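Structure first, then comments.
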Amino acid sequence: MAERNSASWNRKVASFCSEPKTFLCDSSVDGFLGELLKDLQSEAIHGQTKILMMDLLLEFPEFLCPDQKTVEMTAETLMNILKKMPSSERSMTLRCHLLLAIETVLITCESFNQNSKMAQDFASLLMHIISDVNDKKQGVANRPLRTTACECLRELESCYPGFLSQRMEKLYLMQQQEVTAAHQSYTLLYTVVLKNAIRFLAQKEGPSNGALKNALLSNEDFFWSATENMVELQPSSNEQLLLLPSNSETKDLKSILALLLEDSYLLTPVCQNTLFWQIVQVVAMARTISPVIFKSQLVRLFSTMDLSCFHSILQMKAVFTDSLFTGEDEHFLIQRLVGMTQHPLLSTPVKLFYLDCLLHFPENRPLTSNSEENLPVLLTVQMTSSLFPNVFNDHSTMLCRQNVLSMVYLENEGSYSEKGIAFLFEHVMSLYSMVHKNGNREITATFFRAVHLFVQYFNFCEKHMENLTEKLLKLYMSNSSLAPNFINLINQTQILLEFHVWPVTLSKALQKEIVNLPTDKWTMKNLGWHLKILSRVAQENSISQSSTALFLRRVVFCSDLCSKGDWRTGNALLSVCKHVLQHQKLSAIFVHLADLLQYLMHRFEDIDVQDRARLYYVLLTNVSSDKLGKILTMSPARGQTKSRSLSSIMTENENFSTMLTIRNAEKTLLCLQPVLEGIKAFTCISDSPSLYCIVLQFENTDCRFESISDINVPCLFVDRKPPVVTINLVPKEPYPTIFSVSATYSTQDGITYQTKLDPLYITFREMFIPLPLPALWPLESRFDLFGKLWSAFKPDEQNQFEESIFCYEMSNNSLHDIVLDNFSKFAVSCNGGEYKIAVFLPPQFHILMHIKSQDDTACFSVRTDNWNLLPYLNSHLLDITLQ
Amino acid sequence: MPVRGLWVLSHRQGHSAVMRFSRRYPTVEKRAKIYNKASYVAIPEDKDLLKALLLELGLTDENKNFVEYRDNCSRINKTNVYSLSVSERKLWPVLAVQKADFIYVCIPLVEQSLTPPPPLLTINSISEAFALVSGVMLFISVGQNSETEVSSRLAQLPVLVTQACPLGSPVDTNLFALHDNSATSANQTCKTPAWKTSKQKGKAQIDVSITEKVQSTQYDKGDDSDTWQVFGTVSCKCNLEAITPNVIVGLNLPANGSPLQDILVHPCVTSVDSSMLISSSVALTDDSAFNGPYKFPFIPPSDTFQLCYYTSQVPVPPILGFYQMTEDGSQVHLSIKLKLHETVKNGFEYCDAKIPFFNRGQIKHLEYKVSHGQLELSREKSLLVWVIGQKFPKSLEISLNGTATFSSEAHPNDPADPICVGATGYVKLSFRIPDYSLTGCYADQQTMQVFSSAKPKIVTSRELISSDYYIWNSKAPAPVTSRSFYA
């Protein structure tokens with residue numbers, strides 16, 4: 001039973017730890033916690049397993065105790081288990097784990113405060129446990145529990161600085177009395193409390209006025225206020241807190257610190273580091289204490305092989321600089337540090353760490369204050385001569401040493417440095433010969449990194465750079481599969497050097513080598529790599545692309561590429577073409593490129609490649625180079641590529657299709673506003689700050705008008721005068737109609753939208769035109785014409801003419817107004833309440849009206865040559881008379 | 001200061017990586033959140049941490065030649081502290097050390113904002129992270145490394161790590177020497193060390209052994225490009241009474257001995273004479289400044305430990321050699337001469353010269369003449385071993401001349417090497433001279449002091465072992481290992 005339960009818990013714990021969230025999704029938190037706590041008390045579970053189970057509470061308390069109630073309950077259960085346990089040596093590990101679990105649960109779930117009885121009990125319990133100094137009462141067996149309790153209190157004090165600040169006398173006493181190995185934990189606990197207390201006082205600024213003395217002698221309760229706001233943890237560095245203790249306080253504090261330091265050698269190295277760091281902070285705050293109190297420790301720390309101890313001395317150096325380290329000390333420390341970076345008996349990670357420390361060495365008189373890599377001024381060429389990288393170093397060491405030495409040679413001028421640079425170049429070359437002879441992936445990557453470093457520091461050394469380019473070319477020609485490394489090198493050095501010509505020089509040289517290759521088997525085998533390089537080279541506007549275009553043409557014309565029709569090769573070719581298309585000096589290579597594309601679109605045995613070649617051909621021959629650039633330049637490098645067809649990944653990109661698709665605008669930004677009565681002229685109004693290339697499209701809803709051609713508006717800015725557009729309407733029949741209107745436009749970000757505008761209504765009345773007569777015609781002739789038309793429009797059975805009468809009750813004056821308002825332009829005669837109106841309706845129709853007023857009734861006699869017009873006229877007359 | 005978590009994962013080429021141990025410290029994590037403020041990045045679940053780590057260490061896509069993220073030439077890992085991509089943010093600083101089939105990982109707490117990242121030197125807990133990682137690494141990798149043994153050690157880790165580092169702040173990182181309950185009784189007046197001290201079993205005894213290793217690269221170019229360096233480790237094991245086990249071990253040099261440089265001492269050494277530290281390989285110091293005796297007072301830990309490390313520059317290499325090898329079609333002609341320096345003890349436990357041939361295939365036929373010792377052809381037929389034996393002849397000079405003919409067919413297991421191409425090649429010497437040190441350094445019984453009632457037996461030993469002792473073919477280019485500005 002015990003076996004089975006234990007095994008089942010082992011499994012559960014393992015799966016919980018690997019994926020706590022998933023685990024708890026599958027089972028209820030409360031249930032699982034309940035089971036866990038129950039089984040922790042069960043006799044049927046092995047002690048070993050219980051320890052394992054407790055790890056869940058140690059590592060994932062926030063998952064298991066989501067609320068205060070659960071926390072209290074859990075802590076209480078654990079406390080009860082602890083209290084019930086026999087104080088035997090066998091149960092020691094479990095008891096220590098219980099303390100740790102309670103502590104972790106209370107702190108992590110924010111339940112460690114005065115309101116929690118569990119927290120109070122727990123803190124008291126810890127103090128009770130540690131008060132048994134030197135194993136007086138509980139014996140040696142109980143010692144692990146004491147040290148664990150000390151560690152718990154230290155963690156409490158670290159999380160809630162000041163929590164133990166009112167019990168310093170007791171803590172100091174215990175620290176002094178304890179002589180067993182547990183004294184380390186008492187010492188660290190006291191030191192952390194002391195540091196926090198002094199920081200607390202220092203935050204108040206100014207002289208201490210006895211506050212320090214009171215703090216050191218305090219013997220009260222826990223300072224529960226410290227637990228109220230954990231957010232007040234202060235960063236341990238970068239602050240200048242000051243405390244000015246009185247003379248007697250200084251004396252007390254100094255003697256305490258001296259005693260702590262005196263016994264520091266009895267601590268494990270990691271704990272020495274913690275102890276020193278706490279005391280360093282105390283001394284940095286209490287300005288009346290000189291850092292010289294560390295002097296007695298320095299020789300021991302200088303000589304140590306342990307990283308924690310040596311780190312302590314470096315930290316002291318960083319905090320106290322020349323108030324602890326004389327110029328001579330500093331020189332000695334740098335010398336030691338350089339010695340450590342190359343000591344054959346230290347491990348590589350440690351040596352690399354020391355190299356990093358050397359480049360961030362806290363100097364007494366730093367020249368810069370940035371946190372970048374800087375060389376200490378005292379570091380000389382001679383001191384670093386043993387740091388020379390060689391091919392037997394591991395890769396990181398090799399590169400880091402090259403980096404340091406490059407800085408050294410750059411900083412120090414003179415013959416040694418020149419020699420040094422030459423040595424470094426030789427080193428890069430020895431890597432080169434390894435890669436040249438088919439080195440593995442790691443050595444290849446390291447070589448390119450070494451080259452990058454060399455270029456970074458010594459790009460001004462023309463001789464070496466030329467040599468380097470030459471070697472790189474040789475390498476590429478012998479191993480073209482390194483193309484991705486080369487492209488990466490070009491890209492990275494370009495980022496690094498910005499305006500330096502070297503990356504372009506290298507690109508150009510590579511292009512030259514490739515385009516001069518014969519079209520033999522070897523070239524064709526590596527064609528894929530060559531195309532990659534050429535594609536990258538084509539992105540340099542300062543490099544002419546004619547040789548590339550000619551090379552591609554030669555390759556395509558003189559090989560069986562087209563008949564083989566390999567999709568991948570085709571696309572690789574086209575990807576070079578695409579970059580060449582974007583080149584600024586396209587005109588010089590226009591013909592070759594067009595030739596090539598045409599050949600591909602006709603001969604390449606792959607339909608996809610053909611299509612793409614055709615697209616590029618069409619773009620090349622039809623689109624201006626500016627636009628071509630716009631369509632093609634946006635490289636897929638930006639942003640995440642979305643799921644697309646395989647071929648579009650090869651040659652296209654998202655932006656390419658963006659350029660060519662028209663999206664529907666989500667809201668209408670544009671509208672047309674009439675500006676002139678009678679003439680169809682409009683102005684475009686927009687809500688958007690700027691629109692470009694607006695194309696207005698009109699669509700007939702019936703066949704009464706000739707279709708209206710599109711109207712282009714170059715641009716539209718919201719803060720400028722809106723442009724006026726005139727719409728030319730040509731009716732086929734003189735009836736009212738509606739045009740639907742839409743607009744296509746581009747926004748500033750280059751995306752094209754389409755939107756519907758309000759429809760354009762053409763009313764019946766808007767088609768009225770005066771008779772098309774010469775302007776100089778005298779009135780009588782017009783009158784005669786009216787009379788002749790009137791008689792000519794007399795309806796009979798053969799013609800389409802019609803006559804109609806419309807009567808409406810109105811006064812003489814009203815009629816006059818109506819005629820004046822609506823027909824003044826068409827009036828032929830106006831004679832004592834009698835009007836003759838002639839209206840022309842394009843393309844070829846007429847309406848004649850003879851209006852008379854009799855007995856307050858207006859009578860419109862109408863004749864027309866198109867009877868279909870009468871209903872429209874009727875409603876028009878109704879409209880105007882009703883007004 | 002504390003760490004946020006500690007992990008061990010196994011990673012073997014060709015196998016998928018597995019998290020073998022994981023320990024998080026939620027109370028420290030809580031502080032990290034407050035200290036790091038906006039720059040705080042939570043530690044992901046184990047499986048995501050593992051993924052991010054492998055990516056950052058460049059251990060993914062191992063069959064691909066170039067992956068930009070991994071092989072970018074501007075990306076140089078300057079230390080073992082990495083920045084992991086975790087849900088589009090950067091988790092930093094992550095200390096990760098690869099050793100054998102394991103990766104050991106630790107994340108120290110940084111008690112300030114992480115933007116801009118502060119220099120590692122200013123992060124107090126970085127050294128704790130290093131210490132924990134090296135402690136766990138030592139524990140896992142020591143001794144026998146069979147899978148069952150490693151598994152059983154991994155199974156002990158949870159309890160041991162909780163002891164060594166209960167709430168994130170490590171108290172001791174020597175996982176072998178934890179659990180020290182009864183070593184000291186409380187009846188004493190002065191404080192005992194916090195580490196586990198020696199516990200006497202049987203007769204009191206102190207073992208001090210000096211192991212010197214000599215490295216050399218020789219080119220026979222007639223200039224001063226040849227290099228050699230000696231470095232020594234003094235190991236110590238004390239079997240003494242627990243109470244007041246203060247010991248002083250002294251190292252002496254004979255009159256013509258080479259001063260010890262770059263001395264590094266174990267943290268149990270209680271004090272150091274500063275004059276011992278002056279001689280350094282970094283600075284040109286006056287060698288007459290200090291040449292012993294070197295005294296190391298210390299409180300002995302329970303197990304064998306390295307009392308100190310040192311390096312030294314001896315005036316000549318113990319064995320001077322030259323190697324000439326020329327190619328002639330499928331044949332190579334060899335000529336090797338070795339000379340033992342007259343001041344070096346002519347008494348070896350073993351002395352071999354290995355002559356490997358790379359990128360050439362197998363030796364089909366061999367003709368040779370040796371003035372001393374025997375020449376053997378290895379089973380793989382691409383390596384000659386010249387067994388020199390226990391002694392050089394009276395003349396102290398030996399030579400080998402021969403011609404090896406290689407078969408033209410290639411075998412899949414033929415050794416290949418990117419450096420030893422063409423006639424570039426080397427002879428590698430391996431030897432051990434017992435009871436001898438090149439510097440002359442010896443542990444002096446007279447200067448040893450033990451503050452103990454019973455006088456312990458003192459056993460001293462020393463040895464010189466070759467390490468990377470290469471003689472390059474002077475007839476072909478050879479890689480340079482060091483540079484001299486004064487040539």
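Letters A, B, ... go to the chains of the structure tokens in the order shown; residues in each chain start at 1; ligands are counted from 1 in the same order.
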
Every residue of stretch 315-467 of chain B that DSSP places in strand (DSSP E), as a PyMOL selection string: chain B and resi 319-328+331-340+350-356+363-370+374-377+383-387+397-406+426-434+442-443+449-450+457-467

Selection to disk with C-alpha atoms, as a tab-separated table (two decimals), in the first residue's frame:
chain	number	residue	atom	x	y	z
B	319	ILE	CA	62.17	17.17	-23.73
B	320	LEU	CA	63.28	19.05	-26.79
B	321	GLY	CA	62.26	17.54	-30.08
B	322	PHE	CA	62.13	18.03	-33.75
B	323	TYR	CA	59.98	16.39	-36.32
B	324	GLN	CA	60.45	16.39	-40.05
B	325	MET	CA	57.92	14.81	-42.30
B	326	THR	CA	57.77	15.06	-46.08
B	327	GLU	CA	55.25	13.68	-48.53
B	328	ASP	CA	56.22	11.73	-51.59
B	331	GLN	CA	54.66	7.76	-48.98
B	332	VAL	CA	55.76	9.94	-46.14
B	333	HIS	CA	59.27	10.17	-44.78
B	334	LEU	CA	59.65	10.72	-41.09
B	335	SER	CA	62.51	11.89	-39.00
B	336	ILE	CA	62.12	12.53	-35.31
B	337	LYS	CA	64.73	13.45	-32.72
B	338	LEU	CA	64.05	13.83	-29.02
B	339	LYS	CA	66.42	15.02	-26.38
B	340	LEU	CA	65.85	14.85	-22.66
B	350	TYR	CA	55.93	5.81	-19.23
B	351	CYS	CA	57.03	7.89	-22.17
B	352	ASP	CA	55.37	7.59	-25.58
B	353	ALA	CA	55.51	9.62	-28.73
B	354	LYS	CA	52.31	9.38	-30.73
B	355	ILE	CA	52.56	10.15	-34.44
B	356	PRO	CA	49.07	10.40	-35.92
B	363	ILE	CA	49.43	2.71	-43.38
B	364	LYS	CA	50.04	-0.20	-45.72
B	365	HIS	CA	53.73	-0.56	-45.31
B	366	LEU	CA	56.22	0.77	-42.81
B	367	GLU	CA	60.00	0.85	-42.78
B	368	TYR	CA	61.79	2.41	-39.87
B	369	LYS	CA	64.81	2.61	-37.67
B	370	VAL	CA	64.67	3.68	-34.03
B	374	GLN	CA	59.92	0.29	-30.09
B	375	LEU	CA	57.62	1.58	-32.74
B	376	GLU	CA	54.09	0.21	-32.88
B	377	LEU	CA	51.38	0.61	-35.43
B	383	LEU	CA	48.78	6.11	-35.78
B	384	LEU	CA	52.35	5.23	-34.91
B	385	VAL	CA	53.28	4.94	-31.27
B	386	TRP	CA	56.91	5.15	-30.36
B	387	VAL	CA	57.22	3.53	-26.98
B	397	GLU	CA	69.10	11.67	-27.37
B	398	ILE	CA	66.97	9.32	-29.37
B	399	SER	CA	65.86	9.30	-32.97
B	400	LEU	CA	63.43	7.68	-35.33
B	401	ASN	CA	63.65	7.56	-39.11
B	402	GLY	CA	61.21	5.83	-41.33
B	403	THR	CA	58.99	5.71	-44.35
B	404	ALA	CA	55.31	4.93	-44.24
B	405	THR	CA	53.35	3.95	-47.32
B	406	PHE	CA	49.62	4.61	-47.32
B	426	TYR	CA	52.65	16.64	-35.10
B	427	VAL	CA	54.16	14.27	-32.65
B	428	LYS	CA	52.48	14.24	-29.29
B	429	LEU	CA	54.50	13.21	-26.28
B	430	SER	CA	52.91	11.64	-23.24
B	431	PHE	CA	54.95	10.90	-20.22
B	432	ARG	CA	54.88	10.77	-16.49
B	433	ILE	CA	57.89	11.19	-14.25
B	434	PRO	CA	57.03	10.15	-10.71
B	442	TYR	CA	58.39	19.93	-3.05
B	443	ALA	CA	56.33	19.69	0.10
B	449	GLN	CA	52.88	22.18	11.29
B	450	VAL	CA	49.87	20.60	12.81
B	457	LYS	CA	52.06	10.88	9.60
B	458	ILE	CA	52.91	13.08	6.66
B	459	VAL	CA	52.93	11.54	3.19
B	460	THR	CA	54.18	13.66	0.33
B	461	SER	CA	54.39	12.86	-3.34
B	462	ARG	CA	54.97	14.63	-6.59
B	463	GLU	CA	54.81	13.94	-10.28
B	464	LEU	CA	55.33	15.55	-13.63
B	465	ILE	CA	52.82	14.74	-16.35
B	466	SER	CA	52.80	15.91	-19.92
B	467	SER	CA	49.77	17.76	-21.15

Backbone DSSP call of alpha helix (DSSP H) for stretch 205-324 of chain A, listed as number ranges by chain: A: 211-216, 247-262, 269-285, 295-302, 307-320

Given only C-alpha atoms as the counted atoms, nearest of A:Ile769, A:Leu337, A:Leu126, A:Ile198 to B:Ser281: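 Checking each candidate against B:Ser281, we get A:Leu337 as the closest.
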
Separation of atom CA of A:Gly162 from atom CA of A:Cys109, in Å and rounded to one decimal: 19.9 Å

Residues near stretch 312-315 of chain B, cut-off 6 Å, only C-alpha atoms, skip fewer than 2 positions along chain, as number ranges by chain: B: 229-230, 258, 260-261

Coordinates-based distance that separates atom CA of B:Asp220 from atom CA of B:Trp472 (Å, one decimal): 7.9 Å

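With only C-alpha atoms as the atoms that count, the residue of B:Ala255, B:Ile248, B:Ala478, B:Cys238 with the shortest distance to B:Phe451 is B:Ile248.
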
Close residues, A:Leu145 itself excluded, 12 Å, only C-alpha atoms, min 5 positions apart in chain, as number ranges by chain: A: 82, 87-89, 91-100, 125-133, 135, 138-140, 150-152, 182, 185; B: 163, 166, 179, 181

Using only C-alpha atoms, please write the residues we just selected to a file, as an mmCIF file, in the first residue's frame.
data_model
loop_
_atom_site.group_PDB
_atom_site.id
_atom_site.type_symbol
_atom_site.label_atom_id
_atom_site.label_comp_id
_atom_site.auth_asym_id
_atom_site.auth_seq_id
_atom_site.Cartn_x
_atom_site.Cartn_y
_atom_site.Cartn_z
ATOM 1 C CA LEU A 82 5.369 19.917 12.402
ATOM 2 C CA SER A 87 12.111 15.432 17.280
ATOM 3 C CA SER A 88 14.100 12.474 16.053
ATOM 4 C CA GLU A 89 17.071 12.718 13.730
ATOM 5 C CA SER A 91 12.482 13.122 10.711
ATOM 6 C CA MET A 92 14.905 16.052 10.505
ATOM 7 C CA THR A 93 14.831 16.545 6.734
ATOM 8 C CA LEU A 94 11.050 16.437 6.762
ATOM 9 C CA ARG A 95 10.824 18.963 9.582
ATOM 10 C CA CYS A 96 13.213 21.314 7.808
ATOM 11 C CA HIS A 97 11.102 20.992 4.674
ATOM 12 C CA LEU A 98 7.974 21.782 6.690
ATOM 13 C CA LEU A 99 9.516 25.027 7.941
ATOM 14 C CA LEU A 100 10.519 25.962 4.431
ATOM 15 C CA LEU A 125 8.381 29.477 16.355
ATOM 16 C CA LEU A 126 11.405 30.402 14.241
ATOM 17 C CA MET A 127 12.763 32.698 16.952
ATOM 18 C CA HIS A 128 12.174 29.964 19.486
ATOM 19 C CA ILE A 129 14.050 27.413 17.420
ATOM 20 C CA ILE A 130 17.091 29.598 16.873
ATOM 21 C CA SER A 131 17.335 30.637 20.501
ATOM 22 C CA ASP A 132 18.808 27.237 21.331
ATOM 23 C CA VAL A 133 22.369 28.375 20.636
ATOM 24 C CA ASP A 135 22.667 22.945 20.735
ATOM 25 C CA GLN A 138 17.894 20.116 21.833
ATOM 26 C CA GLY A 139 21.318 18.678 21.143
ATOM 27 C CA VAL A 140 23.405 18.350 18.008
ATOM 28 C CA CYS A 150 17.854 31.032 10.601
ATOM 29 C CA GLU A 151 17.592 30.842 6.830
ATOM 30 C CA CYS A 152 13.811 31.267 7.071
ATOM 31 C CA ALA A 182 25.605 26.909 12.454
ATOM 32 C CA SER A 185 23.550 31.222 9.424
ATOM 33 C CA GLN B 163 19.938 21.747 1.996
ATOM 34 C CA PRO B 166 17.042 26.219 1.095
ATOM 35 C CA HIS B 179 24.840 17.086 6.301
ATOM 36 C CA ASN B 181 25.548 17.374 12.163
#

Selected residue, from B:Ile126, B:Cys73, B:Met19, B:Ala177, that lies nearest to chain A when counting only C-alpha atoms: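 Counting only C-alpha atoms, the residue closest to chain A is B:Cys73.
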
Atom pair atom CA of A:Gln754 / atom CA of A:Gln582: separation (Å):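 Interatomic distance here is 27.9 Å.
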
Nearest candidate to chain A (options B:Ile471, B:Cys190, B:Ile210, B:Val142; using only C-alpha atoms): B:Cys190
